[in-house]
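One file, upload.cif, is given below (mmCIF, C-alpha atoms).
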```cif
data_data
#
loop_
_atom_site.label_atom_id
_atom_site.label_comp_id
_atom_site.auth_asym_id
_atom_site.auth_seq_id
_atom_site.Cartn_x
_atom_site.Cartn_y
_atom_site.Cartn_z
CA MET Z 1 0.00 0.00 0.00
CA THR Z 2 1.38 3.39 -0.96
CA HIS Z 3 1.34 6.03 1.76
CA PRO Z 4 0.88 9.72 0.93
CA PHE Z 5 4.23 11.23 -0.05
CA ILE Z 6 5.88 14.30 -1.52
CA VAL Z 7 8.48 14.18 -4.27
CA ALA Z 8 11.05 16.95 -3.99
CA ILE Z 9 13.39 17.52 -6.93
CA PRO Z 10 16.54 19.59 -6.41
CA ALA Z 11 17.51 21.21 -9.71
CA ARG Z 12 20.62 23.37 -9.85
CA TYR Z 13 21.68 25.14 -13.03
CA ALA Z 14 25.32 25.65 -12.01
CA SER Z 15 26.35 21.99 -11.93
CA THR Z 16 30.12 21.63 -11.72
CA ARG Z 17 30.23 18.66 -14.11
CA LEU Z 18 27.59 19.86 -16.60
CA PRO Z 19 26.22 23.40 -16.22
CA GLY Z 20 22.59 23.75 -17.28
CA LYS Z 21 21.96 20.00 -17.00
CA PRO Z 22 18.29 20.28 -15.85
CA LEU Z 23 17.48 22.22 -19.01
CA LEU Z 24 19.20 19.91 -21.48
CA PRO Z 25 16.68 18.94 -24.13
CA LEU Z 26 15.46 15.37 -24.06
CA ALA Z 27 12.86 14.46 -26.68
CA GLY Z 28 12.16 18.16 -27.18
CA GLU Z 29 11.69 19.06 -23.51
CA PRO Z 30 14.00 20.00 -20.64
CA MET Z 31 15.26 16.96 -18.75
CA VAL Z 32 13.76 18.20 -15.48
CA ALA Z 33 10.27 18.28 -17.07
CA HIS Z 34 10.55 14.53 -17.65
CA VAL Z 35 11.58 14.08 -14.01
CA VAL Z 36 8.51 16.02 -12.86
CA ARG Z 37 6.25 13.76 -14.94
CA ARG Z 38 7.85 10.65 -13.41
CA ALA Z 39 7.13 12.02 -9.94
CA GLN Z 40 3.53 12.80 -10.91
CA ALA Z 41 3.10 9.32 -12.40
CA ALA Z 42 4.29 7.83 -9.11
CA GLY Z 43 1.27 9.30 -7.37
CA ALA Z 44 2.95 11.91 -5.20
CA THR Z 45 0.54 14.16 -3.35
CA GLN Z 46 2.83 17.07 -4.18
CA VAL Z 47 5.72 17.46 -6.61
CA VAL Z 48 8.14 20.25 -5.75
CA VAL Z 49 11.14 21.50 -7.69
CA ALA Z 50 13.68 23.32 -5.53
CA THR Z 51 15.87 25.52 -7.70
CA ASP Z 52 18.02 28.61 -7.49
CA ASP Z 53 17.62 29.54 -11.15
CA GLU Z 54 14.77 31.42 -12.82
CA ARG Z 55 15.41 29.61 -16.14
CA ILE Z 56 14.52 26.29 -14.54
CA ALA Z 57 11.46 27.80 -12.85
CA ALA Z 58 10.32 29.31 -16.18
CA ALA Z 59 10.81 26.02 -18.04
CA LEU Z 60 8.48 24.28 -15.57
CA GLY Z 61 5.77 26.94 -15.46
CA ALA Z 62 3.02 24.72 -16.90
CA SER Z 63 4.24 21.43 -15.42
CA GLY Z 64 1.96 21.38 -12.38
CA ALA Z 65 4.95 21.21 -10.04
CA THR Z 66 5.33 23.62 -7.15
CA ILE Z 67 8.47 25.70 -7.73
CA VAL Z 68 10.43 26.85 -4.69
CA MET Z 69 13.26 29.31 -5.22
CA THR Z 70 16.18 28.47 -2.95
CA ARG Z 71 19.52 30.07 -2.15
CA ALA Z 72 22.35 29.44 -4.61
CA GLU Z 73 25.03 28.57 -2.05
CA HIS Z 74 23.73 25.12 -1.06
CA SER Z 75 26.44 22.47 -1.33
CA SER Z 76 24.02 19.58 -1.91
CA GLY Z 77 20.55 18.78 -3.13
CA SER Z 78 19.66 17.65 0.39
CA ASP Z 79 20.54 21.11 1.72
CA ARG Z 80 18.39 22.68 -1.01
CA LEU Z 81 15.47 20.43 -0.02
CA ALA Z 82 15.89 21.26 3.67
CA GLU Z 83 15.36 24.92 2.78
CA CYS Z 84 12.37 23.90 0.68
CA ALA Z 85 10.85 21.90 3.57
CA GLU Z 86 11.26 24.89 5.86
CA LYS Z 87 9.66 27.29 3.38
CA LEU Z 88 6.71 24.96 2.73
CA GLN Z 89 6.44 24.02 6.42
CA TRP Z 90 6.22 20.30 5.81
CA PRO Z 91 5.39 18.40 9.01
CA ASP Z 92 8.18 16.38 10.61
CA ASP Z 93 6.42 13.14 9.74
CA ALA Z 94 5.99 13.96 6.02
CA ILE Z 95 7.39 11.33 3.68
CA VAL Z 96 9.59 13.16 1.20
CA VAL Z 97 11.24 11.37 -1.71
CA ASN Z 98 14.32 13.19 -3.02
CA LEU Z 99 14.29 12.58 -6.78
CA GLN Z 100 17.34 13.96 -8.53
CA GLY Z 101 16.67 16.40 -11.35
CA ASP Z 102 18.79 14.33 -13.73
CA GLU Z 103 16.80 11.09 -13.37
CA PRO Z 104 14.32 11.33 -16.28
CA LEU Z 105 13.94 7.55 -16.44
CA ALA Z 106 13.33 6.92 -12.74
CA PRO Z 107 10.57 4.31 -12.57
CA ALA Z 108 7.34 5.44 -10.93
CA SER Z 109 7.22 2.08 -9.12
CA GLY Z 110 10.69 2.76 -7.68
CA ILE Z 111 9.66 6.18 -6.43
CA ARG Z 112 6.64 4.61 -4.69
CA ALA Z 113 8.86 1.84 -3.29
CA VAL Z 114 11.12 4.41 -1.62
CA ALA Z 115 8.11 6.16 -0.07
CA ASP Z 116 6.76 2.83 1.18
CA ALA Z 117 10.16 1.80 2.58
CA ILE Z 118 10.27 4.97 4.64
CA ALA Z 119 6.67 4.55 5.82
CA GLN Z 120 7.17 0.91 6.84
CA SER Z 121 10.47 1.22 8.69
CA ASN Z 122 12.15 3.16 11.44
CA ALA Z 123 14.65 4.55 8.95
CA PRO Z 124 14.56 8.31 8.47
CA MET Z 125 15.39 7.89 4.78
CA ALA Z 126 15.66 5.31 2.02
CA THR Z 127 17.38 5.17 -1.35
CA LEU Z 128 16.38 3.27 -4.45
CA ALA Z 129 19.25 1.11 -5.69
CA THR Z 130 19.57 -1.40 -8.48
CA PRO Z 131 22.19 -4.11 -8.94
CA ILE Z 132 25.16 -3.37 -11.15
CA VAL Z 133 24.78 -5.62 -14.17
CA HIS Z 134 27.57 -4.41 -16.45
CA VAL Z 135 31.23 -3.98 -15.56
CA ASP Z 136 31.12 -0.54 -17.24
CA GLU Z 137 28.80 0.66 -14.45
CA LEU Z 138 31.26 -0.45 -11.80
CA PHE Z 139 33.94 1.92 -13.10
CA ASP Z 140 31.63 4.75 -14.25
CA PRO Z 141 32.04 7.78 -11.94
CA ASN Z 142 28.55 8.91 -12.99
CA CYS Z 143 27.08 5.74 -11.49
CA VAL Z 144 26.78 6.11 -7.71
CA LYS Z 145 27.37 2.85 -5.87
CA VAL Z 146 25.97 1.88 -2.48
CA VAL Z 147 27.67 -0.58 -0.18
CA ARG Z 148 25.13 -2.28 2.05
CA ALA Z 149 25.25 -4.18 5.32
CA ALA Z 150 23.74 -7.66 5.69
CA ASP Z 151 20.41 -6.08 6.76
CA GLU Z 152 20.46 -4.03 3.51
CA SER Z 153 21.04 -0.72 5.28
CA ALA Z 154 23.45 1.57 3.43
CA LEU Z 155 26.97 1.76 4.78
CA TYR Z 156 28.23 4.36 2.32
CA PHE Z 157 27.82 5.78 -1.18
CA SER Z 158 30.62 6.38 -3.63
CA ARG Z 159 31.29 7.16 -7.28
CA ALA Z 160 34.45 5.06 -7.07
CA PRO Z 161 34.43 1.29 -7.58
CA PRO Z 162 33.86 -0.54 -4.26
#
```
Same coordinates, now as structure tokens:
Amino acid sequence: MTHPFIVAIPARYASTRLPGKPLLPLAGEPMVAHVVRRAQAAGATQVVVATDDERIAAALGASGATIVMTRAEHSSGSDRLAECAEKLQWPDDAIVVNLQGDEPLAPASGIRAVADAIAQSNAPMATLATPIVHVDELFDPNCVKVVRAADESALYFSRAPP
């Protein structure tokens, strides 16, 4: 059973590896617009894009997402979403799924699974992970790896091979 949840999407224009990444066209639309649709398809009660750039906000004007303008100096998407949660006054028990703005193919079922994992456990957060199936992924710095304990809790995340 899916519990009510919010999807929050941090979207920063000034990416160090690829500036403007949320606005890169994908099938004729900005990448972040596809991410918003994935969140909506997952059944989120609210989809929020937290950004520090008016170009991203403008590109999502008709998307149905709530746009929250955040400070530019955040060092992580999690920090950006913390500001967003404060501005929107989400209750402490709200289930918030952090969906990265560069995940246009995130499966709706996976987004719901993360929300359900949080609702059904004592964990304050959960992360969707999939097994590495190709050796290329193991050595790809763009592929974040998670090392898990025997109980499947995350020990650490890294872009480096484990």
Target residues per the PyMOL selection byres ((chain Z and resi 8-20) around 7), formatted as a VMD selection string:
chain Z and resid 6 to 7 21 to 24 47 to 53 77 80 to 81 96 to 101
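This file, queried with the PyMOL selection byres ((chain Z and resi 159-161) around 7), gives the residues Leu138, Phe139, Pro141, Asn142, Cys143, Val144, Lys145, Ser158 and Pro162 of chain Z.
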So that I can see what lies close to Z:Leu155, please list as a list in words the residues with an atom at most 12 Å from it, counting all atoms listed in the file and leaving out residues fewer than 6 positions away in the same chain.
Thr127, Lys145, Val146, Val147, Arg148, Ala149 and Pro162 of chain Z
Can you tell me which residues surround Z:Ala123 at a distance of at most 12 Å, considering only C-alpha atoms, apart from same-chain residues fewer than 4 positions away, and format the answer as a ChimeraX atom specification?
/Z:93,95,114-119,127,152-154
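Counting from atom CA of Z:Ala94, the distance to atom CA of Z:Ala57 is 24.0 Å.
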Given the file shown, determine the residues that the PyMOL selection byres ((chain Z and resi 34) around 12) selects; report them as a PyMOL selection string.
chain Z and resi 9+22-33+35-41+59-60+63+65+99-108
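Atom CA of Z:Ser75 sits 28.7 Å away from atom CA of Z:Pro4.
In this model, the gap between atom CA of Z:Gly43 and atom CA of Z:Asp92 comes to 20.5 Å.
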